[in-house]
file input_8.cif (mmCIF, C-alpha atoms and all ligand atoms)
data_entry
loop_
_atom_site.label_atom_id
_atom_site.label_comp_id
_atom_site.auth_asym_id
_atom_site.auth_seq_id
_atom_site.Cartn_x
_atom_site.Cartn_y
_atom_site.Cartn_z
CA MET A 229 -13.97 -18.18 -2.33
CA ALA A 230 -17.18 -17.73 -4.31
CA ASP A 231 -18.14 -18.42 -7.90
CA VAL A 232 -19.79 -15.47 -9.59
CA PRO A 233 -22.39 -16.77 -12.05
CA THR A 234 -23.80 -13.39 -13.08
CA CYS A 235 -22.34 -10.19 -14.52
CA ARG A 236 -20.91 -7.92 -11.82
CA SER A 237 -22.24 -4.90 -13.62
CA CYS A 238 -25.60 -5.67 -15.23
CA GLY A 239 -26.49 -8.99 -13.55
CA ALA A 240 -26.86 -10.94 -16.83
CA HIS A 241 -26.68 -14.73 -16.48
CA GLU A 242 -25.33 -15.67 -19.89
CA LEU A 243 -21.60 -14.96 -19.36
CA GLU A 244 -19.31 -16.46 -22.02
CA ARG A 245 -16.02 -17.88 -20.77
CA PHE A 246 -13.13 -17.35 -23.18
CA LEU A 247 -9.97 -18.02 -21.16
CA SER A 248 -8.81 -20.21 -18.32
CA LEU A 249 -5.42 -19.57 -16.77
CA GLY A 250 -5.76 -22.63 -14.54
CA VAL A 251 -5.71 -22.67 -10.76
CA THR A 252 -3.14 -20.14 -9.57
CA PRO A 253 -1.81 -18.70 -6.31
CA LEU A 254 -2.69 -15.10 -5.40
CA ALA A 255 -0.45 -12.85 -7.46
CA ASP A 256 0.64 -10.56 -4.63
CA ALA A 257 0.90 -13.27 -1.96
CA LEU A 258 4.70 -13.27 -1.94
CA VAL A 259 5.92 -16.10 0.27
CA SER A 260 8.07 -15.48 3.34
CA ALA A 261 11.05 -17.77 4.01
CA GLU A 262 9.23 -19.37 6.99
CA ARG A 263 6.18 -20.26 4.85
CA LEU A 264 8.06 -21.74 1.88
CA GLY A 265 7.19 -25.32 2.84
CA ASP A 266 3.46 -24.56 3.35
CA ASP A 267 0.73 -25.10 0.77
CA GLU A 268 -0.28 -21.83 -0.88
CA ASP A 269 -3.93 -20.94 -1.44
CA ARG A 270 -4.81 -21.42 -5.11
CA TYR A 271 -7.95 -20.38 -6.94
CA PRO A 272 -9.34 -20.86 -10.45
CA LEU A 273 -8.58 -17.98 -12.82
CA ASP A 274 -11.20 -18.00 -15.58
CA VAL A 275 -12.26 -15.01 -17.65
CA SER A 276 -15.70 -14.31 -19.16
CA PHE A 277 -17.39 -11.75 -21.38
CA CYS A 278 -20.87 -10.38 -20.70
CA PRO A 279 -22.74 -10.15 -24.02
CA ARG A 280 -25.30 -7.78 -22.50
CA CYS A 281 -23.04 -4.96 -21.17
CA SER A 282 -19.62 -5.99 -22.64
CA LEU A 283 -17.86 -6.26 -19.29
CA VAL A 284 -14.94 -8.69 -19.22
CA GLN A 285 -14.57 -10.26 -15.77
CA ILE A 286 -13.18 -13.17 -13.80
CA THR A 287 -15.66 -15.52 -12.21
CA THR A 288 -14.00 -16.47 -8.93
CA GLU A 289 -14.14 -14.05 -6.04
CA VAL A 290 -11.43 -14.15 -3.39
CA PRO A 291 -12.33 -12.33 -0.14
CA PRO A 292 -11.01 -8.74 -0.49
CA ALA A 293 -9.22 -8.79 2.88
CA LYS A 294 -7.15 -11.74 1.71
CA LEU A 295 -6.10 -9.74 -1.34
CA PHE A 296 -5.58 -6.23 -0.03
CA VAL A 297 -5.02 -6.52 3.71
CA ASP A 298 -3.22 -9.84 4.31
CA ASN A 299 -1.11 -10.05 1.13
CA TYR A 300 -0.51 -6.65 -0.43
CA LEU A 301 2.99 -5.25 -0.77
CA TYR A 302 2.46 -3.02 -3.81
CA PHE A 303 3.64 0.55 -3.19
CA SER A 304 2.94 3.00 -6.01
CA SER A 305 5.95 5.19 -5.23
CA PHE A 306 8.53 2.73 -6.57
CA SER A 307 7.88 3.67 -10.20
CA ASP A 308 9.18 7.02 -11.42
CA ALA A 309 7.06 6.99 -14.59
CA LEU A 310 3.90 6.46 -12.53
CA LEU A 311 4.87 9.28 -10.16
CA ARG A 312 5.37 11.64 -13.12
CA HIS A 313 2.04 10.66 -14.64
CA SER A 314 0.27 11.16 -11.29
CA ARG A 315 1.83 14.56 -10.66
CA GLU A 316 0.79 15.80 -14.11
CA HIS A 317 -2.74 14.51 -13.50
CA ALA A 318 -2.97 16.38 -10.19
CA ILE A 319 -1.64 19.62 -11.68
CA ASP A 320 -4.09 19.37 -14.59
CA LEU A 321 -7.02 18.89 -12.21
CA VAL A 322 -5.98 21.81 -9.98
CA ASP A 323 -5.66 24.09 -13.02
CA ALA A 324 -8.76 22.90 -14.88
CA HIS A 325 -11.06 23.19 -11.87
CA GLY A 326 -9.35 26.06 -10.04
CA LEU A 327 -9.02 23.89 -6.92
CA GLY A 328 -8.12 25.63 -3.67
CA PRO A 329 -8.44 25.51 0.12
CA HIS A 330 -12.25 25.21 0.04
CA ASP A 331 -12.26 22.08 -2.08
CA LEU A 332 -11.74 18.46 -1.13
CA VAL A 333 -9.95 15.90 -3.29
CA VAL A 334 -10.61 12.28 -2.34
CA GLU A 335 -8.56 9.45 -3.76
CA VAL A 336 -9.96 5.95 -3.53
CA GLY A 337 -7.12 3.42 -3.51
CA SER A 338 -4.70 6.11 -2.38
CA ASN A 339 -1.91 3.63 -1.58
CA ASP A 340 1.09 5.45 -0.02
CA GLY A 341 -0.19 8.92 -0.88
CA TYR A 342 1.82 9.06 -4.14
CA LEU A 343 -0.85 11.18 -5.91
CA LEU A 344 -2.56 13.16 -3.15
CA ARG A 345 0.67 14.76 -2.05
CA SER A 346 0.70 16.76 -5.30
CA PHE A 347 -2.65 18.31 -4.34
CA ALA A 348 -1.61 18.83 -0.70
CA GLU A 349 1.54 20.67 -1.85
CA ARG A 350 -0.74 23.09 -3.71
CA GLY A 351 -2.85 23.79 -0.62
CA VAL A 352 -5.83 21.64 -1.64
CA PRO A 353 -7.34 19.56 1.22
CA VAL A 354 -7.14 15.82 0.55
CA LEU A 355 -8.47 12.56 1.92
CA GLY A 356 -7.10 9.13 1.02
CA ILE A 357 -9.03 5.89 1.33
CA ASP A 358 -7.19 2.58 1.20
CA PRO A 359 -7.62 -0.68 3.13
CA ALA A 360 -3.97 -1.79 2.79
CA PRO A 361 -2.48 -1.15 6.26
CA ASP A 362 1.21 -0.58 5.44
CA GLN A 363 0.47 1.70 2.51
CA ALA A 364 -2.10 3.73 4.47
CA SER A 365 0.33 4.10 7.39
CA ALA A 366 3.04 5.31 5.00
CA ALA A 367 0.65 7.91 3.59
CA ILE A 368 -0.38 9.10 7.06
CA ALA A 369 3.28 9.33 8.11
CA ASN A 370 3.78 11.59 5.08
CA GLY A 371 0.98 13.90 6.15
CA ILE A 372 -1.80 12.54 3.90
CA PRO A 373 -4.96 11.93 5.97
CA THR A 374 -6.12 8.43 5.08
CA ILE A 375 -9.04 6.22 6.08
CA THR A 376 -7.83 2.61 6.24
CA GLU A 377 -11.01 0.97 4.89
CA PHE A 378 -12.54 -0.41 1.72
CA PHE A 379 -14.57 2.17 -0.17
CA GLY A 380 -18.22 1.57 -1.04
CA LEU A 381 -21.66 3.10 -0.63
CA GLU A 382 -21.64 2.67 3.14
CA LEU A 383 -18.40 4.64 3.65
CA ALA A 384 -19.57 7.29 1.16
CA GLU A 385 -22.80 7.72 3.19
CA ARG A 386 -20.83 8.03 6.40
CA LEU A 387 -18.56 10.70 4.93
CA ARG A 388 -21.50 12.59 3.49
CA ASP A 389 -23.37 12.39 6.80
CA GLY A 390 -20.24 13.88 8.36
CA GLY A 391 -20.58 16.86 6.01
CA ARG A 392 -17.94 15.85 3.49
CA ARG A 393 -18.44 16.10 -0.29
CA ALA A 394 -15.64 15.91 -2.82
CA SER A 395 -15.02 18.41 -5.60
CA VAL A 396 -12.81 15.79 -7.21
CA ILE A 397 -12.58 12.03 -6.71
CA VAL A 398 -9.71 10.12 -8.27
CA ALA A 399 -9.94 6.34 -8.57
CA ASN A 400 -6.89 5.00 -10.37
CA ASN A 401 -6.35 1.28 -10.79
CA VAL A 402 -8.86 0.49 -8.08
CA MET A 403 -12.27 -0.06 -9.70
CA ALA A 404 -11.13 -3.38 -11.16
CA HIS A 405 -10.30 -4.48 -7.61
CA VAL A 406 -13.84 -4.12 -6.32
CA PRO A 407 -16.23 -7.07 -6.12
CA ASP A 408 -19.34 -4.90 -5.60
CA LEU A 409 -18.95 -2.75 -8.68
CA ASN A 410 -22.32 -1.02 -8.53
CA GLY A 411 -21.92 -0.33 -4.81
CA PHE A 412 -18.55 1.28 -5.53
CA VAL A 413 -19.91 3.53 -8.29
CA ALA A 414 -23.00 4.40 -6.23
CA GLY A 415 -20.55 5.42 -3.48
CA LEU A 416 -18.68 7.70 -5.91
CA ARG A 417 -21.98 9.34 -6.88
CA ARG A 418 -22.91 9.83 -3.22
CA LEU A 419 -19.60 11.43 -2.30
CA VAL A 420 -18.98 13.72 -5.27
CA SER A 421 -20.54 17.17 -5.16
CA ASP A 422 -23.22 17.87 -7.77
CA ASP A 423 -20.83 19.96 -9.85
CA GLY A 424 -17.85 17.74 -9.09
CA VAL A 425 -15.75 15.47 -11.25
CA ILE A 426 -14.52 11.89 -10.95
CA THR A 427 -11.55 10.48 -12.86
CA ILE A 428 -11.07 6.75 -13.13
CA GLU A 429 -8.05 5.07 -14.71
CA ASN A 430 -7.63 1.45 -15.63
CA PRO A 431 -5.85 -0.58 -18.28
CA TYR A 432 -7.95 -0.75 -21.46
CA VAL A 433 -9.32 -4.21 -22.27
CA ARG A 434 -8.69 -3.58 -25.98
CA ASP A 435 -4.94 -3.36 -25.33
CA LEU A 436 -5.04 -6.39 -23.08
CA ILE A 437 -6.41 -8.41 -25.99
CA VAL A 438 -4.46 -6.82 -28.85
CA HIS A 439 -1.09 -6.91 -27.05
CA ARG A 440 -1.73 -10.28 -25.37
CA GLU A 441 -1.36 -8.80 -21.87
CA PHE A 442 -2.89 -11.89 -20.28
CA ASP A 443 -0.60 -11.56 -17.26
CA THR A 444 -2.57 -8.51 -16.07
CA ILE A 445 -5.31 -11.00 -15.27
CA TYR A 446 -5.19 -12.09 -11.64
CA HIS A 447 -7.59 -12.45 -8.73
CA GLU A 448 -7.23 -8.81 -7.63
CA HIS A 449 -8.62 -7.71 -10.97
CA HIS A 450 -12.26 -8.70 -11.11
CA CYS A 451 -13.00 -6.62 -14.22
CA TYR A 452 -11.30 -5.47 -17.48
CA PHE A 453 -13.01 -2.38 -18.83
CA SER A 454 -14.06 -0.98 -22.18
CA CYS A 455 -15.74 2.40 -22.70
CA THR A 456 -18.97 0.58 -23.54
CA ALA A 457 -18.94 -1.26 -20.20
CA ILE A 458 -18.04 1.93 -18.30
CA ASP A 459 -20.80 3.91 -20.00
CA ALA A 460 -23.46 1.39 -18.93
CA LEU A 461 -22.07 1.11 -15.40
CA MET A 462 -22.03 4.87 -14.89
CA ARG A 463 -25.51 5.50 -16.26
CA ARG A 464 -26.95 2.79 -14.03
CA ASN A 465 -25.58 4.69 -11.02
CA GLY A 466 -26.54 8.25 -11.92
CA LEU A 467 -23.24 9.32 -13.50
CA TRP A 468 -22.21 10.29 -17.05
CA LEU A 469 -19.12 9.33 -18.96
CA ASN A 470 -17.99 12.71 -20.27
CA ASP A 471 -14.45 12.26 -21.54
CA VAL A 472 -11.80 9.66 -22.30
CA THR A 473 -8.02 10.05 -22.45
CA TYR A 474 -5.64 7.35 -23.62
CA PHE A 475 -2.15 6.72 -22.21
CA ALA A 476 -0.44 4.21 -24.49
CA ASP A 477 2.60 3.69 -22.26
CA LEU A 478 0.93 3.34 -18.88
CA HIS A 479 0.40 -0.25 -17.67
CA GLY A 480 0.28 -1.50 -21.25
CA GLY A 481 -2.38 1.01 -22.38
CA THR A 482 -4.58 2.86 -19.92
CA LEU A 483 -7.77 4.86 -20.28
CA ARG A 484 -8.76 7.71 -18.01
CA TRP A 485 -12.54 8.08 -17.89
CA THR A 486 -13.80 11.47 -16.73
CA VAL A 487 -17.20 11.08 -15.16
CA GLY A 488 -19.66 13.34 -13.37
CA PRO A 489 -23.22 13.87 -12.19
CA ALA A 490 -23.78 16.41 -14.98
CA ARG A 491 -23.79 15.38 -18.62
CA SER A 492 -21.25 17.02 -20.97
CA ARG A 493 -20.13 14.30 -23.34
CA SER A 494 -17.08 14.98 -25.51
CA GLU A 495 -16.80 13.88 -29.12
CA THR A 496 -13.93 11.59 -27.97
CA VAL A 497 -16.38 9.51 -25.91
CA SER A 498 -18.68 9.10 -28.89
CA ARG A 499 -15.73 8.12 -31.05
CA TYR A 500 -14.51 5.45 -28.60
CA LEU A 501 -18.01 4.01 -28.25
CA ARG A 502 -18.42 3.91 -32.01
CA GLU A 503 -15.00 2.33 -32.57
CA GLU A 504 -15.64 -0.35 -29.97
CA VAL A 505 -18.74 -1.44 -31.85
CA GLU A 506 -17.03 -1.23 -35.24
CA SER A 507 -13.97 -3.23 -34.10
CA GLY A 508 -16.21 -5.95 -32.64
CA LEU A 509 -15.03 -5.38 -29.04
CA THR A 510 -18.64 -5.42 -27.86
CA ALA A 511 -19.24 -8.95 -29.18
CA ALA A 512 -18.09 -12.29 -27.77
CA SER A 513 -16.35 -13.21 -31.04
CA TYR A 514 -13.67 -10.54 -30.37
CA TYR A 515 -12.34 -12.64 -27.48
CA ARG A 516 -12.62 -16.11 -28.99
CA ASP A 517 -9.08 -16.68 -30.18
CA PHE A 518 -7.43 -14.96 -27.22
CA ALA A 519 -6.84 -18.28 -25.44
CA SER A 520 -4.79 -19.56 -28.38
CA GLN A 521 -2.83 -16.27 -28.49
CA VAL A 522 -1.98 -16.73 -24.83
CA GLU A 523 -0.98 -20.33 -25.44
CA GLN A 524 1.33 -19.08 -28.17
CA VAL A 525 3.08 -16.67 -25.80
CA LYS A 526 3.64 -19.60 -23.45
CA THR A 527 5.10 -21.78 -26.20
CA GLU A 528 7.39 -19.02 -27.50
CA LEU A 529 8.65 -18.01 -24.09
CA LEU A 530 9.29 -21.56 -22.94
CA ALA A 531 11.15 -22.35 -26.15
CA LEU A 532 13.35 -19.26 -25.68
CA LEU A 533 14.13 -19.96 -22.02
CA HIS A 534 14.78 -23.67 -22.53
CA GLY A 535 17.07 -22.82 -25.45
CA LEU A 536 19.06 -20.35 -23.37
CA ARG A 537 19.38 -22.77 -20.48
CA ALA A 538 20.45 -25.56 -22.84
CA ASP A 539 23.23 -23.20 -24.02
CA GLY A 540 24.31 -22.76 -20.41
CA ARG A 541 22.98 -19.19 -20.08
CA ARG A 542 21.81 -17.90 -16.73
CA VAL A 543 18.52 -16.04 -16.53
CA ALA A 544 17.12 -13.78 -13.77
CA ALA A 545 13.98 -11.60 -13.84
CA TYR A 546 13.13 -7.97 -13.02
CA GLY A 547 9.96 -6.96 -11.16
CA ALA A 548 8.15 -9.04 -8.55
CA ALA A 549 4.96 -7.56 -9.98
CA ALA A 550 1.55 -9.17 -9.62
CA LYS A 551 1.53 -9.61 -13.39
CA GLY A 552 4.88 -11.37 -13.07
CA SER A 553 3.28 -13.93 -10.82
CA THR A 554 0.57 -14.70 -13.39
CA LEU A 555 3.22 -14.99 -16.08
CA VAL A 556 5.62 -17.33 -14.30
CA ASN A 557 2.82 -19.50 -12.94
CA TYR A 558 0.85 -19.80 -16.17
CA VAL A 559 3.89 -20.30 -18.40
CA GLY A 560 5.50 -22.64 -15.86
CA ILE A 561 8.75 -20.78 -15.27
CA GLY A 562 10.40 -22.46 -12.31
CA THR A 563 13.76 -21.78 -10.69
CA ASP A 564 15.35 -24.13 -13.27
CA LEU A 565 14.61 -21.50 -15.95
CA VAL A 566 14.73 -18.22 -14.00
CA GLU A 567 16.88 -18.27 -10.87
CA TYR A 568 15.73 -15.18 -9.01
CA VAL A 569 13.79 -11.94 -9.35
CA VAL A 570 14.97 -8.44 -8.43
CA ASP A 571 12.72 -5.59 -7.32
CA ARG A 572 13.43 -2.27 -5.66
CA ASN A 573 10.41 -2.49 -3.38
CA ASP A 574 12.12 -3.39 -0.10
CA TYR A 575 8.89 -4.91 1.28
CA LYS A 576 9.19 -7.57 -1.45
CA GLN A 577 12.90 -8.32 -1.10
CA GLY A 578 13.67 -11.44 0.96
CA ARG A 579 10.37 -13.06 -0.04
CA TYR A 580 9.65 -15.54 -2.84
CA MET A 581 7.44 -15.49 -5.93
CA PRO A 582 4.06 -17.18 -5.38
CA GLY A 583 3.95 -20.72 -6.74
CA THR A 584 7.33 -20.76 -8.49
CA HIS A 585 9.36 -19.60 -5.46
CA GLN A 586 12.14 -17.56 -7.08
CA PRO A 587 13.80 -15.53 -4.30
CA ILE A 588 13.33 -11.74 -4.60
CA ALA A 589 16.47 -9.64 -4.25
CA HIS A 590 17.61 -6.02 -4.52
CA PRO A 591 18.34 -4.91 -8.12
CA ASP A 592 22.04 -4.52 -7.20
CA ARG A 593 22.24 -8.28 -7.45
CA LEU A 594 22.19 -7.97 -11.25
CA LEU A 595 25.58 -6.25 -11.21
CA ASP A 596 27.01 -8.46 -8.46
CA ASP A 597 26.00 -11.55 -10.35
CA GLN A 598 25.73 -10.49 -14.02
CA PRO A 599 23.24 -13.13 -15.28
CA ASP A 600 23.26 -13.45 -19.09
CA TYR A 601 19.60 -12.50 -19.46
CA VAL A 602 16.99 -10.68 -17.40
CA LEU A 603 13.33 -11.37 -18.14
CA ILE A 604 11.39 -8.14 -17.53
CA LEU A 605 8.26 -9.22 -15.70
CA ALA A 606 7.29 -5.57 -15.12
CA TRP A 607 7.31 -5.00 -18.90
CA ASN A 608 5.08 -1.96 -18.45
CA PHE A 609 8.16 -0.23 -17.01
CA ALA A 610 10.66 -1.75 -19.46
CA ASP A 611 11.99 1.65 -20.62
CA GLU A 612 12.50 2.86 -17.06
CA ILE A 613 14.17 -0.39 -15.99
CA VAL A 614 16.45 -0.60 -19.02
CA SER A 615 17.57 3.00 -18.62
CA GLN A 616 18.44 2.30 -14.94
CA GLN A 617 20.40 -0.81 -15.91
CA GLN A 618 22.82 0.61 -18.47
CA GLU A 619 25.83 -0.81 -16.62
CA TYR A 620 24.35 -4.33 -16.71
CA LEU A 621 23.84 -3.91 -20.46
CA ARG A 622 27.29 -2.42 -20.99
CA ARG A 623 28.83 -5.51 -19.41
CA GLY A 624 27.04 -7.67 -21.97
CA GLY A 625 23.77 -8.48 -20.21
CA GLN A 626 20.55 -8.65 -22.22
CA PHE A 627 16.90 -8.16 -21.40
CA ILE A 628 13.92 -10.21 -22.52
CA VAL A 629 10.55 -8.44 -22.86
CA PRO A 630 7.99 -11.28 -22.82
CA LEU A 631 4.95 -9.68 -24.52
CA PRO A 632 3.34 -9.55 -27.04
CA SER A 633 6.10 -11.89 -28.33
CA PRO A 634 9.44 -12.40 -26.59
CA ARG A 635 11.93 -9.74 -27.68
CA ILE A 636 15.58 -9.37 -26.70
CA ILE A 637 17.18 -6.02 -25.86
CA GLY A 638 20.97 -5.77 -25.77
CA ALA A 639 23.36 -2.84 -25.59
CA THR A 640 23.02 -0.54 -28.61
P1 LIG B 701 3.71 -2.98 -11.50
C1 LIG B 701 0.05 -3.04 -10.13
O1 LIG B 701 0.25 -4.32 -10.68
C2 LIG B 701 -0.73 -3.13 -8.88
P2 LIG B 701 1.68 -5.00 -10.75
C3 LIG B 701 -2.20 -3.13 -9.03
N1 LIG B 701 -2.75 -4.42 -8.73
C4 LIG B 701 -2.73 -2.76 -10.36
O2 LIG B 701 -3.92 -2.71 -10.52
C5 LIG B 701 -1.83 -2.58 -11.51
O3 LIG B 701 -0.53 -2.20 -11.09
C6 LIG B 701 -2.35 -1.65 -12.54
C7 LIG B 701 9.09 -2.76 -9.30
N2 LIG B 701 9.95 -1.80 -9.96
O4 LIG B 701 3.52 -1.59 -11.16
C8 LIG B 701 8.00 -2.15 -8.46
C9 LIG B 701 11.31 -1.85 -9.69
O5 LIG B 701 11.76 -2.69 -8.90
O6 LIG B 701 3.97 -3.31 -12.92
C10 LIG B 701 6.93 -3.22 -8.52
O7 LIG B 701 7.17 -4.22 -7.53
N3 LIG B 701 12.12 -0.97 -10.32
C11 LIG B 701 -2.67 -2.09 -8.06
O8 LIG B 701 2.12 -5.48 -9.41
C12 LIG B 701 7.11 -3.84 -9.89
O9 LIG B 701 8.43 -3.54 -10.30
C13 LIG B 701 11.66 -0.07 -11.22
O10 LIG B 701 12.44 0.69 -11.78
O11 LIG B 701 1.65 -5.98 -11.86
C14 LIG B 701 6.19 -3.22 -10.90
O12 LIG B 701 4.91 -3.59 -10.63
C15 LIG B 701 10.26 -0.03 -11.50
C16 LIG B 701 9.69 0.96 -12.47
C17 LIG B 701 9.44 -0.91 -10.85
O13 LIG B 701 2.51 -3.72 -11.08
#

call {"tool": "encode", "arguments": {"input": "input_8.cif", "output": "C-alpha cells"}}
result
Amino acid sequence: MADVPTCRSCGAHELERFLSLGVTPLADALVSAERLGDDEDRYPLDVSFCPRCSLVQITTEVPPAKLFVDNYLYFSSFSDALLRHSREHAIDLVDAHGLGPHDLVVEVGSNDGYLLRSFAERGVPVLGIDPAPDQASAAIANGIPTITEFFGLELAERLRDGGRRASVIVANNVMAHVPDLNGFVAGLRRLVSDDGVITIENPYVRDLIVHREFDTIYHEHHCYFSCTAIDALMRRNGLWLNDVTYFADLHGGTLRWTVGPARSRSETVSRYLREEVESGLTAASYYRDFASQVEQVKTELLALLHGLRADGRRVAAYGAAAKGSTLVNYVGIGTDLVEYVVDRNDYKQGRYMPGTHQPIAHPDRLLDDQPDYVLILAWNFADEIVSQQQEYLRRGGQFIVPLPSPRIIGAT
C-alpha cells in the first residue's frame, strides 16, 4: 500500500481531502468459505480534489495485482443492459469509421470479450488487453485474442514495435483503475494510428456528487473524472478531447469521451467545459458538503433497515457488486440487517461479502425464500433486476433502492 501525496494527473501537491469512508476491505475481494475466519486486508478510503486540474482521486494505492489479478470476479457479460449498450457502441464505431478487415480495434480492459465480439462478428480484427486471468481466458475461449497484461506505455511500445497500430481503441470503465494515469494515456497515444480514434467511458463525477453515489468509490477506482480533468490529461499526452456523449442510465451517469491525435472539438465539449466552470465543479467548494450528504444516506438507510427488522421483516440484497461492498461496509449493514446477497455471476455465488460476510447465493433463492425486502446493491441495474423479479414482487416482495435516498418499490 502507498499513500499518494500528489495529483495523479498534474502532480500538484495541494490536494484537498473532502471525504473519508474509513478503512475498508477491498470491494471485490469476496471471501471464500475457507477464509471466513481470516483477517481481511483493509485500507484507508479517502477522497481528494485537485484544485489545479480538477481531478477527484483517492489517496491510497493498493497494488494493482491485488485488485485485478488476485481478487477480481467481475464479468461484464452478466448485465443485459451493458451488453446492449456495448453492442450499439461497436455498431456505431464500425459505421462511423467504415471499419473493415484492414483495421484493428483494441479494447483495454476487455474483460470477457463482451464488446469486442460485436466487432469480430462484423469481420473487424480485434485485440483485447486485460490482466484479469479468468476473464481473459473466457474471452480467448470465445475466440477473442487477448493479452493478459496491464496496459501502459511499455505494452503500447511493444505492440507498436511489433507493427500494430489501432484504428480504434476503446477503454470503458478502465482508466479509473489505473495508478499511472499519464503512462496509460501516453500508451493510448502510442498505439492509436495518427488518424485513429479513442473512446473512453467512465461514470461522471458530477453525477456521483449530485446523486450521492458514494458507493462507487472503492480502491479499484483511483480517479473520478470530469471533462475538465480529462481535457487537461489528454492535452498533456498529445491527445485532444473532441466529443462527449452522456448516458444517464449507465452506472449512475456515464460520459463517453471521444479523443484523438487530431483536433476536431465539438460544440458539446465546449458546452460541458463551460458548464463545469459555471456549476462550480472545478472548485473545491463543490465537494465540501458531500461528506454530510453521504452521512445522511447512512442515517436514512440504517433507520429504514432497523425499523424493518424491529417489525420482524426479513431483508436480503441483490448484487454482490463492488459498490455493494462499499455500501454495506460504510453504512455498517451486517447479517443482522441483511441476511444474504444474490447475484447471477456464478463466480461470486458461494462466497461472502467483504467485511460484512453475507453469503452470496443464486437469485433463485429470492423465490425459494421470499424475504420481505430486497435491498438493490446494484442500483445501476435496478430496472433490469426488477423486471426479472416480477414473480417475487407479485408474491408481495418489495425492493429498496438505497440512493440518492432510500426508496421502496412494490408491485404496481
Ligand atoms: P455492477 C463494476 O462495478 C466493475 P460493480 C468495475 N469495477 C467498474 O468500474 C464499474 O462496474 C463501472 C450482478 N447482476 O456492474 C452482476 C445480477 O446478478 O453494478 C454483478 O455482480 N443480475 C469494472 O461491481 C452485479 O450484479 C442482474 O440482472 O459495482 C452488478 O455489478 C444484473 C444486471 C447484474 O458493478

call {"tool": "closest_residue", "arguments": {"input": "input_8.cif", "among": "A:His405, A:Arg516, A:Arg312, A:Lys526", "to": "Pro359 (chain A)", "atoms": "only C-alpha atoms"}}
result
A:His405

call {"tool": "residues_around", "arguments": {"input": "input_8.cif", "residues": "region 555-571 of chain A", "least_positions_apart": "6", "cutoff": "6 Å", "atoms": "all atoms listed in the file", "output": "MDAnalysis selection string"}}
result
chainID A and resid 443 526 543:548 584 586:591

call {"tool": "closest_residue", "arguments": {"input": "input_8.cif", "among": "A:Ala384, A:Ala318, A:Ala490, A:Ala367", "to": "Asp340 (chain A)", "atoms": "all atoms listed in the file"}}
result
A:Ala367

call {"tool": "closest_residue", "arguments": {"input": "input_8.cif", "among": "A:Ile319, A:Val438, A:Leu381, A:Val433", "to": "Asn465 (chain A)", "atoms": "all atoms listed in the file"}}
result
A:Leu381

call {"tool": "residues_near_point", "arguments": {"input": "input_8.cif", "point": "(-14.8, 12.0, -12.2)", "cutoff": "8 Å", "atoms": "all atoms listed in the file", "output": "PyMOL selection string"}}
result
chain A and resi 396-398+424-428+485-488

call {"tool": "atom_distance", "arguments": {"input": "input_8.cif", "atom1": "CA of Gly638 (chain A)", "atom2": "CA of Leu536 (chain A)"}}
result
14.9 Å

call {"tool": "closest_residue", "arguments": {"input": "input_8.cif", "among": "A:Ala240, A:Ile445, A:Val284, A:Val290", "to": "ligand LIG 701 (chain B)", "atoms": "only C-alpha atoms and all ligand atoms"}}
result
A:Ile445

call {"tool": "atom_distance", "arguments": {"input": "input_8.cif", "atom1": "CA of Thr376 (chain A)", "atom2": "CA of Asp358 (chain A)"}}
result
5.1 Å

call {"tool": "closest_residue", "arguments": {"input": "input_8.cif", "among": "A:Leu529, A:Val334, A:Leu273, A:Leu409", "to": "Val352 (chain A)", "atoms": "only C-alpha atoms"}}
result
A:Val334

call {"tool": "residues_around", "arguments": {"input": "input_8.cif", "residues": "Ala360 (chain A)", "least_positions_apart": "6", "cutoff": "9 Å", "atoms": "only C-alpha atoms", "output": "PyMOL selection string"}}
result
chain A and resi 293+296-301+337+339+376-378

call {"tool": "write_last_selection", "arguments": {"input": "input_8.cif", "atoms": "C-alpha atoms", "output": "PDB file, in the frame of the given file"}}
result
ATOM      1  CA  ALA A 293      -9.220  -8.790   2.880  1.00  0.00           C
ATOM      2  CA  PHE A 296      -5.580  -6.230  -0.030  1.00  0.00           C
ATOM      3  CA  VAL A 297      -5.020  -6.520   3.710  1.00  0.00           C
ATOM      4  CA  ASP A 298      -3.220  -9.840   4.310  1.00  0.00           C
ATOM      5  CA  ASN A 299      -1.110 -10.050   1.130  1.00  0.00           C
ATOM      6  CA  TYR A 300      -0.510  -6.650  -0.430  1.00  0.00           C
ATOM      7  CA  LEU A 301       2.990  -5.250  -0.770  1.00  0.00           C
ATOM      8  CA  GLY A 337      -7.120   3.420  -3.510  1.00  0.00           C
ATOM      9  CA  ASN A 339      -1.910   3.630  -1.580  1.00  0.00           C
ATOM     10  CA  THR A 376      -7.830   2.610   6.240  1.00  0.00           C
ATOM     11  CA  GLU A 377     -11.010   0.970   4.890  1.00  0.00           C
ATOM     12  CA  PHE A 378     -12.540  -0.410   1.720  1.00  0.00           C
TER      13      PHE A 378
END

call {"tool": "residues_near_point", "arguments": {"input": "input_8.cif", "point": "(-21.4, 8.4, -6.2)", "cutoff": "10 Å", "atoms": "all atoms listed in the file", "output": "PyMOL selection string"}}
result
chain A and resi 380-381+384-385+397+410-422+426+462+465-467+488-489

call {"tool": "axis_aligned_box", "arguments": {"input": "input_8.cif", "around": "region 571-574 of chain A", "padding_each_side": "4 Å", "output": "lines of an AutoDock Vina configuration file"}}
result
center_x = 11.9
center_y = -3.9
center_z = -3.7
size_x = 11.0
size_y = 11.3
size_z = 15.2

call {"tool": "closest_residue", "arguments": {"input": "input_8.cif", "among": "A:Gln616, A:Gln521, A:Thr287, A:Ser260", "to": "ligand LIG 701 (chain B)", "atoms": "only C-alpha atoms and all ligand atoms"}}
result
A:Gln616

call {"tool": "atom_distance", "arguments": {"input": "input_8.cif", "atom1": "CA of Asp362 (chain A)", "atom2": "CA of Tyr302 (chain A)"}}
result
9.6 Å

call {"tool": "residues_around", "arguments": {"input": "input_8.cif", "residues": "Gln617 (chain A)", "least_positions_apart": "4", "cutoff": "10 Å", "atoms": "only C-alpha atoms", "output": "VMD selection string"}}
result
chain A and resid 591 to 592 594 to 595 611 to 613 621 to 622 625 627

call {"tool": "write_last_selection", "arguments": {"input": "input_8.cif", "atoms": "C-alpha atoms", "output": "short mmCIF file (atom, residue, chain, number, x, y, z; two decimals), in the frame of the given file"}}
result
data_model
loop_
_atom_site.label_atom_id
_atom_site.label_comp_id
_atom_site.auth_asym_id
_atom_site.auth_seq_id
_atom_site.Cartn_x
_atom_site.Cartn_y
_atom_site.Cartn_z
CA PRO A 591 18.34 -4.91 -8.12
CA ASP A 592 22.04 -4.52 -7.20
CA LEU A 594 22.19 -7.97 -11.25
CA LEU A 595 25.58 -6.25 -11.21
CA ASP A 611 11.99 1.65 -20.62
CA GLU A 612 12.50 2.86 -17.06
CA ILE A 613 14.17 -0.39 -15.99
CA LEU A 621 23.84 -3.91 -20.46
CA ARG A 622 27.29 -2.42 -20.99
CA GLY A 625 23.77 -8.48 -20.21
CA PHE A 627 16.90 -8.16 -21.40
#
